[in-house]
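J.: Handing you this structure, nothing more for now.
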Amino acid sequence: MSDYRGHVAAGAAFYAVLAFLLVVAVPATMGLDSHLLIDKWWEVPAELLVAVLAALWPDVDITSQGRKLFYRLFLVLDLYLIFSGEWQAAAFLGLFAILPGLGKHRGWTHRLWAALLVPAPIIIVPLFIESGWRLARVPDYSNFGQGLPYYLAAVVGYVSHLAADGMLGRGVGAVMNAALWPVRTLWKVAEKDHERLR
């Protein structure tokens with residue numbers, strides 16, 4: 001899949017399947033209340049956003065819409081950390097931000113192990129956050145569950161990118177391209193109409 005539209009659609013579709021399983025299918029088969037897995041209504045759209053962003057992440061190794069988006073976010077977050085006096089966190093973010101540029105396109109960012117490792121800060125960072133958003137020196141393991149649903153959404157979104165690019169097998173990529181073709185086509189038509197109306 002060559003454009004960001006397809007990856008956004010794939011991330012959303014994969015997350016929809018995950019959400020259906022976690023909110024409807026698993027609780028129904030186990031006789032559980034679906035509110036046990038999702039406490040607040042806004043968690044579903046927030047996790048969907050994380051899945052879509054993760055679906056764009058692997059293409060930060062080239063000039064892409066995802067790269068533009070992530071590097072703008074990195075700049076804002078890094079400036080916030082610097083002005084907050086969190087020099088060490090700002091340095092780690094800077095190091096993290098340059099890593100994709102060290103590889104080739106469809107290199108390490110397009111590996112299954114990266115789909116598990118790159119979203120890991122979603123679980124790790126809450127362990128080191130104190131009240132007032134200050135970084136703690138000692139991890140608080142009681143915060144482990146806070147990031148887990150978002151981590152799962154990120155992994156699912158990331159894997160959707162790999163599947164769409166055929167990295168999990170050409171057959172999987174071909175099926176996804178065919179299934180998501182209508183979404184990408186409608187999106188392109190809507191963008192052209194929007195440009196024409198400007």
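Each chain in the structure tokens gets a letter, A, B and so on, in the order shown; residues start at 1 in every chain, and ligands are counted from 1 in the order they appear.
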Excluding Leu48 of chain A and its own-chain neighbours fewer than 4 positions away, which residues fall within 12 Å of it when counting only C-alpha atoms? Please give them as a compact mmCIF listing (two decimals) with C-alpha atoms, in the first residue's frame.

T.:
# COMPACT_ATOMS: atom_id res chain seq x y z
CA VAL A 8 -5.08 5.04 8.12
CA ALA A 9 -7.95 2.86 6.86
CA ALA A 10 -6.05 -0.33 7.74
CA GLY A 11 -5.24 0.92 11.25
CA ALA A 12 -8.88 1.86 11.84
CA ALA A 13 -10.13 -1.47 10.47
CA PHE A 14 -7.72 -3.53 12.57
CA TYR A 15 -8.61 -1.52 15.67
CA ALA A 16 -12.34 -1.98 14.97
CA VAL A 17 -11.79 -5.75 15.02
CA LEU A 18 -9.82 -5.49 18.28
CA ALA A 19 -12.47 -3.27 19.87
CA TRP A 42 -13.76 8.31 25.31
CA GLU A 43 -11.23 5.48 25.62
CA VAL A 44 -12.45 3.88 22.38
CA VAL A 52 -4.18 5.07 13.41
CA LEU A 53 -1.02 6.93 14.48
CA ALA A 54 0.77 3.62 14.98
CA ALA A 55 -0.35 2.55 11.50
CA PRO A 149 -5.14 -0.86 26.25
CA TYR A 150 -3.32 1.88 24.35
CA TYR A 151 -0.30 -0.36 23.87
CA LEU A 152 -2.53 -3.07 22.39
CA ALA A 153 -4.15 -0.51 20.09
CA ALA A 154 -0.71 0.70 18.97
CA VAL A 155 0.51 -2.84 18.29
CA VAL A 156 -2.64 -3.61 16.29
CA GLY A 157 -2.27 -0.39 14.29

J.: Need the shell around Val118 of chain A: protein/DNA/RNA residues with any atom at most 12 Å away, counting only C-alpha atoms. Skip same-chain ones fewer than 2 positions apart. Format as a PyMOL selection string?

T.: chain A and resi 54-55+57-58+96-97+99-100+108-116+120-124+151-152+154-155+157-159

J.: So how far away is atom CA of Phe92 of chain A from atom CA of Tyr80 of chain A, in Å?

T.: 13.5 Å

J.: When distances are computed from only C-alpha atoms, which of A:Ser142, A:Arg106, A:Phe74, A:Arg196 shows the smallest separation from Ala91 of chain A?

T.: A:Phe74

J.: In Å, rounded to a single decimal, give me how far atom CA of Leu148 of chain A is from atom CA of Ile129 of chain A.

T.: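 It comes out at 15.2 Å.
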
J.: Determine which residues of segment 13-172 of chain A DSSP labels as alpha helix (DSSP H) from the backbone of this structure, then write them out as an MDAnalysis selection string.

T.: chainID A and resid 13:20 26:30 43:56 65:83 87:98 112:117 121:127 144:164 170:172
